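Colleague: Shown below is the structure under consideration.
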Amino acid sequence: MPSSFVEAEIASQPETWRLAAQMVPEIAGRLPRRGERVAVVGCGTSWFMAMSYAVLRERAGHGVTDAWAGSEYPAGRDYDRIIAISRSGTTTEIVDLLKTLGPVPTTLITAVAESPGAEAADDVIAMPFADEQSVVQTRFATSVLTLLRVHLGEDVEPLIADAQVALDIPVDKLLAANQCTFIGRGFAVGLAFEAALKTREAAQYWSESYPAMDYRHGPIAIAEPGRLVWSLGEPPAGMADDVAATGARFVHHDLDPQAALVVAQRFAVGLAVSRGLDPDRPRSLTRSVVLS
């Protein structure tokens, strides 16, 4: 039985991903149309999901798609539509941005239908079934990404099958590592950033993240025995050998990168528990960053 909210929320992802997929036929007309120039904004985990979606949308040929941290949105740049992602709808940077975007249509994807962000957006897509009790965000973010992937025409069933596998992959033997670097390519770059964030949030653990090809351009210098290099998605040719030569352990699971993130989420929680920490209530963090 799960001993924390976040463990239960991680385990529920196959179900919430399926529920997210089922929403798409009803809301398809409220999401970006093919050919539109789109910006996707978020903070922290939501920004990383925006990064992944932007890559997938462009790769699918649907149009130019940029991902921005809420605080770094470029004023004056022209878009046809802006998608904001915020679990609570209360994050200050997102609420303030939605209030200032002018005539461009805005859509907030959130777990909470009634919030300051919902009031500021032109349209709201609510996913209350993916809301969370833990401060650490897991299933809401991945359910949003699932929704957006299905809207791009992807089949969700192989992804859900991989998520079920991810829930059973042992992580105990990885917990003794003193550092981990997550890497990814394409849409998995954002997921690698998210995996590293989860370990920092939940376990106060030293982790980094990089595009996989860029990892050789400096960051590999910290790889050594007792550390992990973890690839979400298929690694570049020769990467496993390059890491092995440093003495670090190379980790890779043959899963969709989004499902591989589930393994990393479980790793983060396992680290927290092994360190005597409460993974639901990370140090110095709250459910939403609301600035006075």
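All residue names refer to the structure tokens as shown: chains lettered A, B, ... in order, residues numbered from 1 in each chain, ligands numbered from 1 in order.
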Excluding Ile169 (chain A) and its own-chain neighbours fewer than 5 positions away, which residues fall within 12 Å of it when counting only C-alpha atoms? Please give them as a PyMOL selection string.

Modeller: chain A and resi 162-164+174+252-255+259-267

Colleague: Determine, using only C-alpha atoms, which residues of region 17-112 of chain A have any atom at most 10 Å from an atom of region 121-132 of chain A, and tabulate each with its shortest atom pair and distance in Å to one decimal place, rows ordered by chain and then rising number, as a Markdown table.

Modeller:
```
| residue | atom | partner | partner_atom | distance |
| --- | --- | --- | --- | --- |
| A:Trp17 | CA | A:Ala130 | CA | 8.7 |
| A:Leu19 | CA | A:Phe129 | CA | 8.0 |
| A:Ala20 | CA | A:Met127 | CA | 7.6 |
| A:Met23 | CA | A:Met127 | CA | 9.0 |
| A:Ile27 | CA | A:Ile125 | CA | 7.9 |
| A:Arg30 | CA | A:Asp123 | CA | 8.0 |
| A:Leu31 | CA | A:Ile125 | CA | 9.3 |
| A:Ile82 | CA | A:Ala121 | CA | 9.7 |
| A:Ile83 | CA | A:Ala121 | CA | 9.4 |
| A:Ala84 | CA | A:Ala121 | CA | 8.6 |
| A:Ile85 | CA | A:Ile125 | CA | 9.7 |
| A:Arg87 | CA | A:Asp131 | CA | 7.1 |
| A:Ser88 | CA | A:Asp131 | CA | 8.4 |
| A:Gly89 | CA | A:Val124 | CA | 9.9 |
| A:Ile94 | CA | A:Ala121 | CA | 9.9 |
| A:Val95 | CA | A:Ala121 | CA | 8.5 |
| A:Leu97 | CA | A:Ala121 | CA | 9.6 |
| A:Leu98 | CA | A:Ala121 | CA | 5.9 |
| A:Lys99 | CA | A:Ala121 | CA | 7.5 |
| A:Leu101 | CA | A:Ala121 | CA | 9.4 |
| A:Pro103 | CA | A:Asp122 | CA | 9.8 |
| A:Val104 | CA | A:Asp122 | CA | 9.3 |
| A:Pro105 | CA | A:Asp122 | CA | 6.3 |
| A:Thr106 | CA | A:Asp122 | CA | 5.2 |
| A:Thr107 | CA | A:Asp123 | CA | 4.6 |
| A:Leu108 | CA | A:Val124 | CA | 4.8 |
| A:Ile109 | CA | A:Ile125 | CA | 4.8 |
| A:Thr110 | CA | A:Ala126 | CA | 5.1 |
| A:Ala111 | CA | A:Pro128 | CA | 4.5 |
| A:Val112 | CA | A:Pro128 | CA | 6.1 |
```

Colleague: Step one, run DSSP on the backbone; step two, keep only residues of region 202-233 of chain A assigned to strand (DSSP E or B); then write them as a ChimeraX atom specification.

Modeller: /A:207-211,227-232

Colleague: Skipping near chain neighbours, those fewer than 5 positions away, what residues fall within 9 Å of Gln204 (chain A) using only C-alpha atoms, listed as a PDB file with N, CA and C atoms, in the first residue's frame?

Modeller:
```pdb
ATOM      1  N   THR A 199      13.735  14.770  -8.181  1.00  0.00           N
ATOM      2  CA  THR A 199      14.671  14.290  -7.155  1.00  0.00           C
ATOM      3  C   THR A 199      15.131  15.436  -6.258  1.00  0.00           C
ATOM      4  N   LEU A 271      14.183   7.817  -2.894  1.00  0.00           N
ATOM      5  CA  LEU A 271      15.286   8.582  -2.290  1.00  0.00           C
ATOM      6  C   LEU A 271      14.809   9.326  -1.050  1.00  0.00           C
ATOM      7  N   ALA A 272      13.656   9.989  -1.171  1.00  0.00           N
ATOM      8  CA  ALA A 272      13.137  10.757  -0.037  1.00  0.00           C
ATOM      9  C   ALA A 272      12.911   9.864   1.175  1.00  0.00           C
ATOM     10  N   LEU A 277      12.802  11.631   4.702  1.00  0.00           N
ATOM     11  CA  LEU A 277      12.077  12.848   4.354  1.00  0.00           C
ATOM     12  C   LEU A 277      10.633  12.526   3.995  1.00  0.00           C
ATOM     13  N   PRO A 282       7.890  18.777   0.614  1.00  0.00           N
ATOM     14  CA  PRO A 282       9.304  19.100   0.458  1.00  0.00           C
ATOM     15  C   PRO A 282       9.678  20.392   1.188  1.00  0.00           C
ATOM     16  N   ARG A 283      10.909  20.453   1.581  1.00  0.00           N
ATOM     17  CA  ARG A 283      11.429  21.627   2.276  1.00  0.00           C
ATOM     18  C   ARG A 283      11.296  22.875   1.406  1.00  0.00           C
TER      19      ARG A 283
END
```

Colleague: What's the 6 Å shell around region 215-226 of chain A, counting only C-alpha atoms, without same-chain residues fewer than 2 positions away, as a list in words?

Modeller: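 The residues satisfying every condition are Ala177, Tyr210, Ala212, Met213, Thr246, Gly247 and Ala248 of chain A.
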